[in-house]
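Q: Below you'll find the structure I mean.
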Amino acid sequence: MTLLHALLSRMLSLAAVLCVCFIALETLPGDACTAFLDQDAQDPELLHNCRARLGIDQPTLIRLGGWVGALIHGDLGTSLSRGRPVTEVLAPQLRNTILLAVLAALVAIPVSIVLGILAAVRRGSTFDVGISAFFLVAMTLPEFVIATVLIFVFAISLQWLPAITVVPTGAAILEMLPNVVLPVAVLSLVMVAHTMQVVRTRVIETMQSGFIEASRLRGLSFRRVLLGHALPSALPPALNVIALSLASLLGGVVVIERVFNYPGLGTLTLQAIHDRDMPLVQGVVVIFTLTYIGLSLIADLISTLLDPRIAWRSDQQ
């Protein structure tokens with residue numbers, strides 16, 4: 001019942017986000033025709049014919065209703081600037097962004113858990129203070145600043161890695177790999193900064209509890225107590241942070257992909273906004289929102305499985 005309630009609340013959130021996004025995009029100056037016609041947009045007849053051809057001359061509410069109706073049937077519409085289905089335009093860009101996000105998660109999740117445990121075990125040590133201070137700075141810096149520093153060090157000074165992506169959008173994954181190292185490093189650094197602190201704090205709290213002290217008095221080794229009791233206790237809150245961090249990766253890639261000229265959803269979104277291609281922008285918003293909802297639901301489910309008391313407390317509220 002709790003899971004159903006969470007699903008319904010997130011579906012309402014999805015509907016609210018999509019409606020707000022649609023209305024917000026409508027408030028932007030100009031449209032696809034003014035962007036496409038440029039100087040010729042001053043001709044009223046050309047502008048009227050273009051809007052009629054693209055179907056953007058209808059009232060906002062009518063177009064919103066038509067878009068929602070098509071979305072229910074899985075149709076994201078047709079790109080105004082490219083004349084192709086939005087799903088067809090998004091597919092290769094989505095693959096590239098997923099590659100970026102998956103690689104960042106595969107690096108960040110184990111690193112953040114290991115560093116969080118080590119910092120908690122060595123609480124107050126030089127390692128703990130140093131690693132906490134480093135990632136605190138990483139949390140406060142914008143992604144583009146971190147990206148600029150990494151480009152200067154590894155691409156310009158050392159010349160180990162390419163500064164920007166030069167492969168085409170549909171290139172093979174193996175061909176893309178050298179170009180994703182720096183973007184993945186930036187996204188992983190930001191994700192580790194948030195998750196490590198949660199793991200560290202929860203492990204410290206658990207290790208100071210009476211249950212852990214009793215376990216040690218019964219003769220259990222420190223390693224067994226740490227891995228068998230403290231770590232499982234730290235995982236549920238860490239999973240929520242990981243899920244939020246993974247969802248935020250899709251938001252962060254808009255900036256990161258632009259910095260590295262990476263052919264993903266972020267770069268496509270900025271181009272679609274420039275072209276006033278509203279169906280394409282709305283399609284990206286749908287993907288971002290569904291991803292966020294899916295990851296948060298998965299985190300809630302795993303947290304409940306790891307700690308059934310979470311579901312019990314939810315039922316009592």
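By convention here, the chains of the structure tokens are called A, B, ... in the order presented, each chain's residues are numbered starting at 1, and ligands are numbered starting at 1 in the order presented.
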Per DSSP on the backbone, filter region 77-278 of chain A down to the residues in helix (DSSP H, G or I) and report them as a PyMOL selection string.
A: chain A and resi 86-121+126-140+143-157+173-207+210-217+222-260+265-274+278
Q: Rank nothing, just name the residue among A:Leu239, A:Val180, A:Leu246, A:Val199 nearest to Leu301 (chain A), using only C-alpha atoms.
A: A:Leu239
Q: Smallest atom-to-atom distance to Phe144 (chain A): which of A:Leu187, A:Ile117, A:Leu99, A:Ala6, using only C-alpha atoms?
A: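 So, comparing all the options, the nearest one is A:Leu187.
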Q: Nearest residue to Ala24 (chain A) out of A:Leu235, A:Ile62, A:Met278, A:Leu290, using only C-alpha atoms?
A: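 Checking each candidate against Ala24 (chain A), we get A:Met278 as the closest.
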Q: For CA of Ala91 (chain A) and CA of Gln271 (chain A), quote the distance in Å rounded to one decimal.
A: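 Atom-to-atom, CA of Ala91 (chain A) and CA of Gln271 (chain A) are spaced 15.7 Å apart.
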Q: Identify, on the basis of only C-alpha atoms, every residue whose closest approach to Leu28 (chain A) does not exceed 10 Å; exclude the query and any residue fewer than 5 positions from it along the same chain; express the result as a PyMOL selection string.
A: chain A and resi 23+273+276
Q: Dump all heavy atoms for the selected residues as a short mmCIF file (atom, residue, chain, number, x, y, z; two decimals), in the first residue's frame?
A:
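Okay, this is what ended up in result31.cif:
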```
data_model
loop_
_atom_site.label_atom_id
_atom_site.label_comp_id
_atom_site.auth_asym_id
_atom_site.auth_seq_id
_atom_site.Cartn_x
_atom_site.Cartn_y
_atom_site.Cartn_z
N ILE A 23 3.97 25.21 -19.94
CA ILE A 23 3.57 26.61 -19.81
C ILE A 23 4.79 27.53 -19.76
O ILE A 23 4.80 28.61 -20.36
CB ILE A 23 2.70 26.79 -18.55
CG1 ILE A 23 1.40 26.00 -18.70
CG2 ILE A 23 2.40 28.27 -18.30
CD1 ILE A 23 0.54 25.97 -17.45
N ILE A 273 16.42 24.37 -27.27
CA ILE A 273 15.94 25.65 -26.71
C ILE A 273 16.30 26.79 -27.64
O ILE A 273 15.50 27.71 -27.86
CB ILE A 273 16.55 25.86 -25.30
CG1 ILE A 273 15.99 24.82 -24.32
CG2 ILE A 273 16.25 27.27 -24.80
CD1 ILE A 273 16.63 24.88 -22.96
N ARG A 276 13.95 26.86 -30.36
CA ARG A 276 12.57 26.93 -29.89
C ARG A 276 11.78 25.69 -30.32
O ARG A 276 10.60 25.76 -30.67
CB ARG A 276 11.87 28.20 -30.41
CG ARG A 276 12.48 29.50 -29.92
CD ARG A 276 12.36 29.61 -28.40
NE ARG A 276 12.80 30.91 -27.93
CZ ARG A 276 14.03 31.19 -27.53
NH1 ARG A 276 14.97 30.23 -27.58
NH2 ARG A 276 14.36 32.39 -27.09
#
```
Q: So, counting only C-alpha atoms, which residue among A:Asn240, A:Arg223, A:Leu295, A:Cys33 is closest to Ala52 (chain A)?
A: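 Among A:Asn240, A:Arg223, A:Leu295, A:Cys33, it is A:Cys33 that comes nearest to Ala52 (chain A).
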Q: Would you please work out which residue, of A:Ser112, A:Thr206, A:Thr126, A:Thr148, is nearest to Ser233 (chain A) when using only C-alpha atoms?
A: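 Nearest to Ser233 (chain A): A:Thr206.
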